[in-house]
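Q: Pasting in a structure now, in structure tokens, and then I'll have a few things to ask.
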Amino acid sequence: MKKSIGRAILFAVCALVLAPNALHAQQSKPWEKIPTPKLHEFKPHQPQCIELKNGIVLFLQEDHELPFVSGSVAIPGGARDEDVAKTGLVGLYGQTWRTSGTAKLNGDALDDLLEAKAAHIETGGDVDSTALSWDSLKGDSDQVLSLALDLLFHPNFSAEKLQLAQQLAATNIVRRNDDEDGIAGRESAKLVYGVNSPYTRQPELATISAVTVDDLKAWHDRTIGGKLIVSVSGDFDPAAMEVKLRAAFEGLPMVKIASARHDDFAGPKPGVYFIDKEDVNQSNIEIVGLGTDRRNPDVPALAVMNEILGGSFASRLFQKVRTELGLAYAVGGSYGYAWDHPGEFHATVLTKSASTVDATRATLAEIDGLATRPFTGEELARAKDNILNSFLFRFDTREKVLAERVRLEFYGYPPDYLETYKAALEKVTVADLNRVATKYIHPGKLAILVVGNGPEIKPSLDELKLGPAQTVDITIPMPKQPEGNEKK
Amino acid sequence: MQSKISPWLWKGAWVLALMAMAVAGAQAQNLKSFEQRITTKVLPNGLTLIICERPEAPVFSYSTFIDAGDVNDPSGQSGLAHMFEHLAFKGTSQIGTTDYAAEKIALEKVEAANNAYEAEYLKAVGRDEKTLAELKKAFLAAQAEAHKYVIPNQFTDVAERNGAEGLNAETSLDDTMFFWSMPENRLELWAWLESGRLADTVPREFYKERDVVNEERRMSVDSNPIGRLVEQFVATAYVAHNYGRSHIGWPSEVSQITATEAMDFHKKYYVGANIVIAVVGDVKASEALPVLEKYFSRIPAGPKPEEMTTVEPRQFAEKTVAIHEQTQPFYIEGYHRPDYRSPDDAVYDAISDILSNGRVSRLYRSLVRDQQIAAEAAGFSPFPGEKYPSLFAFFAIPLPGHSPAQMRDAIHKEIDKLKTFDVSDEELAMFKTRARADLLRGLANNQGLANSLAEYQTRYGDWRELFLELDKVDKVSKADIRRVANEIFIPGNRTEAWIETEAATAEKSAVAQHNGGAQ
């Protein structure tokens, strides 16, 4: 009996998503009489970290509970670094690298070999990095590791597999306006960062078909010389693993550190934006602005503010928009911070067409309230409890501890970041909250994007009295000969 | 299909056999080790508790599994089980209220006001709009009065302040699951919260929450083209059984469910014999059991609800559903298959694995890699549920310029191959190896394990079936696969559904003209 994938994808309904309150009459609170014993002693198991002379970093995390070994190589450089005229290159690279395979073993043969062992080797591309990862049963781990290394050092990009990846990418492009939620997320990010920003520019049929096998090879050759971070976890002998990884990586030349990016982040042009979608009966409302990055010392206070705004069932947005007004199932918001560039301020609410204006107003009022309705000691205490009492779920498995260490190494944060971050969270005061809300929350600088069914939205967006709604054109540009490259 | 593995990598079937034995050894070991770590206890009220000790970190996860889902919604009340699930987050007589005695009276008035409003609203003849408006006003006023006693979201607030992680619930057609993870020193607090909401549910803010569920419907079905298609697909495939009903509820029904109906549902299905709770993590059974027994004994005993009598009759007419949409094309089809207790259950798993799992799968290689007509194609089962006879479904996402009809024909070709030729030794062995490895991988996660233990205990009366199921997987033969494929993959047992776009139609005729009409 297997829980069907279909059920999970197509059919499951949940109580969920995310989320002030008043009223404190006499209540006996029986749950407060339940004792909370001392938590069992726990020291997260840190991986062994080995820095090679050439700058490559290895992490080894033993875990002998189950007979598996998995690993990954993180490679700096991602979609934000690709050529504008070839936007989508990194996505195509991430697919084609693996499906092409190596000179010794093409991708199809690699599939056959690995799947017969219930093992995997995969590659992928992201906004700031690409990665190769593998996993297998312990007994196969030596062979799978050498196959993975072969793919890392001797890829054999094939024109045929690139074409396949281009077709799949083309499908995603022509389908990107089918899904209301996808439109809202994508277009609101463009409002924040700009249409041509490296963080939001989107692949088009013309840019993906401009990518060649030589481009993929050049990308690989360029990025593979960067500061690789290799991590392995599972049921292996660390001394033996260290020998193998040293043999593979120690002889490589000194890593080349890419120069830091210098991007402009202006933030959105304030106003109301609208995208009409006739075949829906619910509006997807995004209220967005520019956020900050994690190195900002105000991040701990902002994290607590986020918890109060939209982080839980007890949060201001959830309480007001969902519980009190019943206007939405999905509602949330936070002031975002990314690891190495400004994140997005983001509040989202999905409501029936007719209540679009009401829900937008209610959400705006809560955003406004961050700076105008002073935080209370109780809100602070609740938010801190929420964050700190569940903090150990950030490192309750060895796999999570390892992933965190890799992330910190990748972005150049100290290995004890989580501890200092937690200590800073504990120190946040009501005064800090009020200060960061005033400093960072500027309702006048936000853009409001509504994706919804125009004729059904009554009262209309004009009722928001924030100026006329500007229509955003989301037409998908079609190359002059759309079929030529797509079809066989 | 022939394996493309080069001979120097492929030493023959014995390698596979050895490998399978190695993994099978690990499996037996695992069952033994789990038997030592798992304690099961049936309480006098019929409720089953399972505790699995996994002290990797000072946390635990739990899963409460109710053997009732939207398939059990009474006629005219589709969406009720899901609606009740939302209610279980609203607190009890002890949490979420400033004065339960007064609130109870106010809630009774809300119910009376709703009944009066609905009686007028549903009048076939002689409905008076003015009276209706007044009754609506009275209904809203009664809700406002009851709301005075509410401490909103206090139940979830207490859980979250005490470190609850991944707090959520899920209602499927077959069952309802509540779950979260917590630091281990909150076990007793969790038992208090969970037993309270199961035994002592209050229909608090019910009508506001009904609006929230209507928004959930708009999000997952009405405003989602695939959601709309699948709802019609399933409704067409079934003529008698409740699996054919809208899962989240038909709009008219879900928007008229009453708190009284929800509480009746609770009384019937939330009884000890219908509930299994699994706890996995840093918990000692000897210390935890007495605590859990104390709290979960509060749940009323009640008989196990009667099973439903309706069995979907045999389909003998091929059915099709076409939706004309502004969105890109999509194809789905389904064939009726027996429920999970069928001796062929593992054969269906084998078929979906061989057809759909990864880049080696037949549908990927045929439709995506070789013919290059689809971006994705897969077969899966059971759908939309598993407890009762369900469907074996296939779907495909066409590449630009390709039609649902092409998806259908290509899928049928693969099905015909399955009916005509045996699968290869390599394919069958791969299915068995992957099934074992997947089981093992699933054991490393407290929440996943809790869900599985509770589910298998409910469905088979014994969590061990989670491991023993592999014996059935081992017994699957090539002949079984051909036999089952020939039994169910026949036109009279099929429902086809697709999204047809105007743009696609235009493109198609353009292509047809270009090719001299040979479409």
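Just so we're on the same page: first chain in the structure tokens is A, next is B, and so on; residues restart at 1 for each chain, and ligands are numbered from 1 in the order they show up.
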Select all residues from chain B having any atom no more than 7 Å from an atom of chain A (counting only C-alpha atoms, ignoring ligands), output as a ChimeraX atom specification.
A: /B:4-5,57-58,86,98,151-153,156-157,160-165,168-172,184-186,189,208-209,211-213,215-216,218-219,222-224,227,327-328,340,345,359-360,375,380-384,399-400,430,433-434,437
Q: Give me, as a ChimeraX atom specification, all polymer residues having an atom no more than 7 Å from Arg210 in chain B, counting only C-alpha atoms and skipping those fewer than 4 positions away in the same chain.
A: /B:206,214,255
Q: If we count only C-alpha atoms, what is near range 139-148 of chain B at a cut-off of 6 Å, once residues fewer than 5 positions away on the same chain are taken out, given as a list in words?
A: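 Using only C-alpha atoms, the neighbours found are Glu103, Ala106, Leu107, Val110, Ala113 and Asn114 of chain B.
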Q: Generate a file of the selected residues that holds C-alpha atoms, formatted as an mmCIF file, in the first residue's frame.
A:
```cif
data_model
loop_
_atom_site.group_PDB
_atom_site.id
_atom_site.type_symbol
_atom_site.label_atom_id
_atom_site.label_comp_id
_atom_site.auth_asym_id
_atom_site.auth_seq_id
_atom_site.Cartn_x
_atom_site.Cartn_y
_atom_site.Cartn_z
ATOM 1 C CA GLU B 103 -20.168 30.467 25.460
ATOM 2 C CA ALA B 106 -24.276 31.551 22.950
ATOM 3 C CA LEU B 107 -23.206 28.812 20.522
ATOM 4 C CA VAL B 110 -25.830 30.674 16.815
ATOM 5 C CA ALA B 113 -30.130 31.410 14.164
ATOM 6 C CA ASN B 114 -28.389 29.524 11.369
#
```
Q: Please provide the set of residues having any atom within 7 Å of range 202-211 of chain A, restricted to only C-alpha atoms, with same-chain residues fewer than 2 positions apart removed, written as a PyMOL selection string.
A: chain A and resi 85-89+166+170+173+200+215+478-479
Q: Using the chain letters and numbers from this document, which residues of range 251-457 of chain A does DSSP assign to alpha helix (DSSP H), as a PyMOL selection string?
A: chain A and resi 299-306+316-317+356-372+377-389+398-411+417-427+430-440
Q: Taking the backbone alone, and naming residues the way the document does, which bits of range 217-461 of chain A are strand (DSSP E or B) by DSSP, as a ChimeraX atom specification?
A: /A:229-234,271-276,282-290,292-293,331-338,342-352,447-452
Q: Keeping only N, CA and C atoms, write the selected residues to a file as a short mmCIF file (atom, residue, chain, number, x, y, z; two decimals), in the first residue's frame.
A:
```
data_model
loop_
_atom_site.label_atom_id
_atom_site.label_comp_id
_atom_site.auth_asym_id
_atom_site.auth_seq_id
_atom_site.Cartn_x
_atom_site.Cartn_y
_atom_site.Cartn_z
N ILE A 229 32.65 23.05 -2.17
CA ILE A 229 32.42 22.53 -0.81
C ILE A 229 31.87 21.12 -0.98
N VAL A 230 32.62 20.17 -0.47
CA VAL A 230 32.25 18.76 -0.63
C VAL A 230 31.75 18.25 0.71
N SER A 231 30.58 17.64 0.73
CA SER A 231 30.07 17.12 2.00
C SER A 231 29.56 15.69 1.82
N VAL A 232 29.85 14.86 2.80
CA VAL A 232 29.40 13.47 2.76
C VAL A 232 28.78 13.13 4.11
N SER A 233 27.65 12.43 4.09
CA SER A 233 27.06 12.02 5.35
C SER A 233 26.57 10.59 5.24
N GLY A 234 26.48 9.91 6.39
CA GLY A 234 25.94 8.56 6.41
C GLY A 234 26.88 7.54 7.01
N GLY A 271 2.67 51.74 -5.80
CA GLY A 271 1.44 51.85 -6.56
C GLY A 271 0.70 50.53 -6.60
N VAL A 272 -0.41 50.55 -7.35
CA VAL A 272 -1.25 49.36 -7.48
C VAL A 272 -1.05 48.79 -8.88
N TYR A 273 -0.80 47.50 -8.94
CA TYR A 273 -0.58 46.82 -10.22
C TYR A 273 -1.60 45.70 -10.35
N PHE A 274 -1.99 45.46 -11.59
CA PHE A 274 -3.07 44.47 -11.78
C PHE A 274 -2.78 43.56 -12.97
N ILE A 275 -3.09 42.27 -12.80
CA ILE A 275 -3.01 41.31 -13.90
C ILE A 275 -4.35 40.58 -13.97
N ASP A 276 -4.99 40.66 -15.11
CA ASP A 276 -6.33 40.09 -15.26
C ASP A 276 -6.23 38.61 -15.63
N GLN A 282 -10.70 33.79 -7.38
CA GLN A 282 -10.00 34.23 -6.18
C GLN A 282 -8.87 35.16 -6.60
N SER A 283 -8.68 36.22 -5.83
CA SER A 283 -7.57 37.14 -6.13
C SER A 283 -6.34 36.74 -5.32
N ASN A 284 -5.20 36.87 -5.95
CA ASN A 284 -3.94 36.62 -5.29
C ASN A 284 -3.28 37.99 -5.10
N ILE A 285 -3.19 38.43 -3.86
CA ILE A 285 -2.72 39.78 -3.58
C ILE A 285 -1.32 39.72 -2.97
N GLU A 286 -0.40 40.45 -3.57
CA GLU A 286 0.98 40.48 -3.06
C GLU A 286 1.32 41.93 -2.75
N ILE A 287 1.74 42.17 -1.53
CA ILE A 287 2.18 43.51 -1.15
C ILE A 287 3.68 43.41 -0.88
N VAL A 288 4.47 44.11 -1.70
CA VAL A 288 5.91 43.82 -1.68
C VAL A 288 6.79 45.05 -1.60
N GLY A 289 8.00 44.85 -1.07
CA GLY A 289 9.00 45.90 -1.01
C GLY A 289 10.36 45.25 -0.87
N LEU A 290 11.39 46.06 -0.70
CA LEU A 290 12.74 45.51 -0.59
C LEU A 290 13.04 45.12 0.86
N THR A 292 16.24 42.99 3.41
CA THR A 292 17.65 43.23 3.75
C THR A 292 18.42 41.92 3.62
N ASP A 293 19.70 41.95 4.02
CA ASP A 293 20.45 40.69 4.02
C ASP A 293 20.81 40.30 5.45
N VAL A 331 -2.75 33.25 4.19
CA VAL A 331 -2.33 34.63 4.45
C VAL A 331 -1.02 34.59 5.22
N GLY A 332 -0.11 35.49 4.90
CA GLY A 332 1.16 35.51 5.62
C GLY A 332 1.98 36.70 5.19
N GLY A 333 3.09 36.91 5.87
CA GLY A 333 3.95 38.02 5.47
C GLY A 333 5.21 38.07 6.31
N SER A 334 6.27 38.62 5.72
CA SER A 334 7.50 38.78 6.48
C SER A 334 8.42 39.78 5.78
N TYR A 335 9.33 40.35 6.56
CA TYR A 335 10.37 41.21 6.02
C TYR A 335 11.57 40.31 5.75
N GLY A 336 11.88 40.07 4.48
CA GLY A 336 12.83 39.02 4.13
C GLY A 336 14.28 39.43 4.22
N TYR A 337 15.11 38.44 4.49
CA TYR A 337 16.56 38.67 4.47
C TYR A 337 17.21 37.46 3.82
N ALA A 338 18.01 37.71 2.78
CA ALA A 338 18.71 36.63 2.11
C ALA A 338 20.15 36.59 2.63
N PRO A 342 19.77 41.64 -0.65
CA PRO A 342 18.51 41.98 0.02
C PRO A 342 17.37 41.04 -0.39
N GLY A 343 16.65 40.55 0.60
CA GLY A 343 15.46 39.75 0.32
C GLY A 343 14.29 40.65 0.00
N GLU A 344 13.08 40.09 0.08
CA GLU A 344 11.88 40.85 -0.25
C GLU A 344 11.03 41.04 0.99
N PHE A 345 10.44 42.20 1.15
CA PHE A 345 9.31 42.29 2.06
C PHE A 345 8.11 41.77 1.31
N HIS A 346 7.29 40.97 1.97
CA HIS A 346 6.28 40.23 1.24
C HIS A 346 5.08 39.96 2.13
N ALA A 347 3.91 40.39 1.73
CA ALA A 347 2.70 39.93 2.40
C ALA A 347 1.77 39.39 1.33
N THR A 348 1.20 38.23 1.58
CA THR A 348 0.37 37.56 0.58
C THR A 348 -0.98 37.23 1.18
N VAL A 349 -2.03 37.43 0.40
CA VAL A 349 -3.34 36.99 0.85
C VAL A 349 -4.15 36.54 -0.37
N LEU A 350 -4.84 35.42 -0.24
CA LEU A 350 -5.69 34.90 -1.30
C LEU A 350 -7.14 34.98 -0.84
N THR A 351 -7.96 35.71 -1.59
CA THR A 351 -9.34 35.90 -1.15
C THR A 351 -10.28 35.89 -2.35
N LYS A 352 -11.55 35.62 -2.12
CA LYS A 352 -12.51 35.59 -3.22
C LYS A 352 -12.55 36.96 -3.91
N ALA A 447 4.68 48.14 -3.22
CA ALA A 447 3.84 47.93 -4.40
C ALA A 447 2.79 46.88 -4.07
N ILE A 448 1.60 47.07 -4.63
CA ILE A 448 0.51 46.11 -4.41
C ILE A 448 0.19 45.48 -5.75
N LEU A 449 0.35 44.17 -5.83
CA LEU A 449 0.02 43.47 -7.08
C LEU A 449 -1.20 42.59 -6.83
N VAL A 450 -2.20 42.72 -7.70
CA VAL A 450 -3.37 41.85 -7.62
C VAL A 450 -3.45 41.05 -8.91
N VAL A 451 -3.49 39.72 -8.77
CA VAL A 451 -3.78 38.86 -9.92
C VAL A 451 -5.18 38.32 -9.67
N GLY A 452 -6.09 38.57 -10.59
CA GLY A 452 -7.45 38.11 -10.33
C GLY A 452 -8.36 38.35 -11.50
#
```
Q: Pick from B:Asn486, B:Ser356, B:Thr260, B:Ser390: nearest to Val311 in chain B, with only C-alpha atoms counted?
A: B:Ser390
Q: Please report the interatomic distance between CA of Tyr100 in chain B and CA of Gly79 in chain B in Å with one decimal.
A: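 Rounded to one decimal, the two atoms are 27.6 Å apart.
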Q: May I have the residues within 9 Å of Ala431 in chain A as a list in words, using only C-alpha atoms and disregarding those fewer than 4 positions away in the same chain?
A: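 Skipping anything fewer than 4 positions along the chain leaves Phe375, Arg435 and Val436 of chain A.
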Q: Since we have the selection now, will you write its residues out, keeping C-alpha atoms, as an mmCIF file, in the first residue's frame?
A:
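File selection27.cif, as written:
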```cif
data_model
loop_
_atom_site.group_PDB
_atom_site.id
_atom_site.type_symbol
_atom_site.label_atom_id
_atom_site.label_comp_id
_atom_site.auth_asym_id
_atom_site.auth_seq_id
_atom_site.Cartn_x
_atom_site.Cartn_y
_atom_site.Cartn_z
ATOM 1 C CA PHE A 375 4.427 46.021 20.162
ATOM 2 C CA ARG A 435 12.835 50.651 16.383
ATOM 3 C CA VAL A 436 13.195 48.183 13.486
#
```
Q: Can you pull out the residues contacting Asp221 in chain A? Cut-off 12 Å, using only C-alpha atoms, and skip same-chain residues under 5 positions away; I want them as a ChimeraX atom specification.
A: /A:75,77,152-157,214-216,226,256
Q: Go ahead and compute the interatomic distance for CA of Leu433 in chain A and CA of Leu302 in chain A, in Å to one decimal.
A: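 Going from CA of Leu433 in chain A over to CA of Leu302 in chain A covers 7.3 Å.
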Q: Could you jot down the CA of Ser133 in chain A to CA of Ala148 in chain A separation for me, Å, one decimal place?
A: 7.7 Å
Q: Point out the residue among A:Leu446, A:Ile183, A:Ala103, A:Met305 with the least atom-to-atom distance to Ile476 in chain A, counting only C-alpha atoms.
A: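 Between A:Leu446, A:Ile183, A:Ala103, A:Met305, the residue approaching Ile476 in chain A most closely is A:Ile183.
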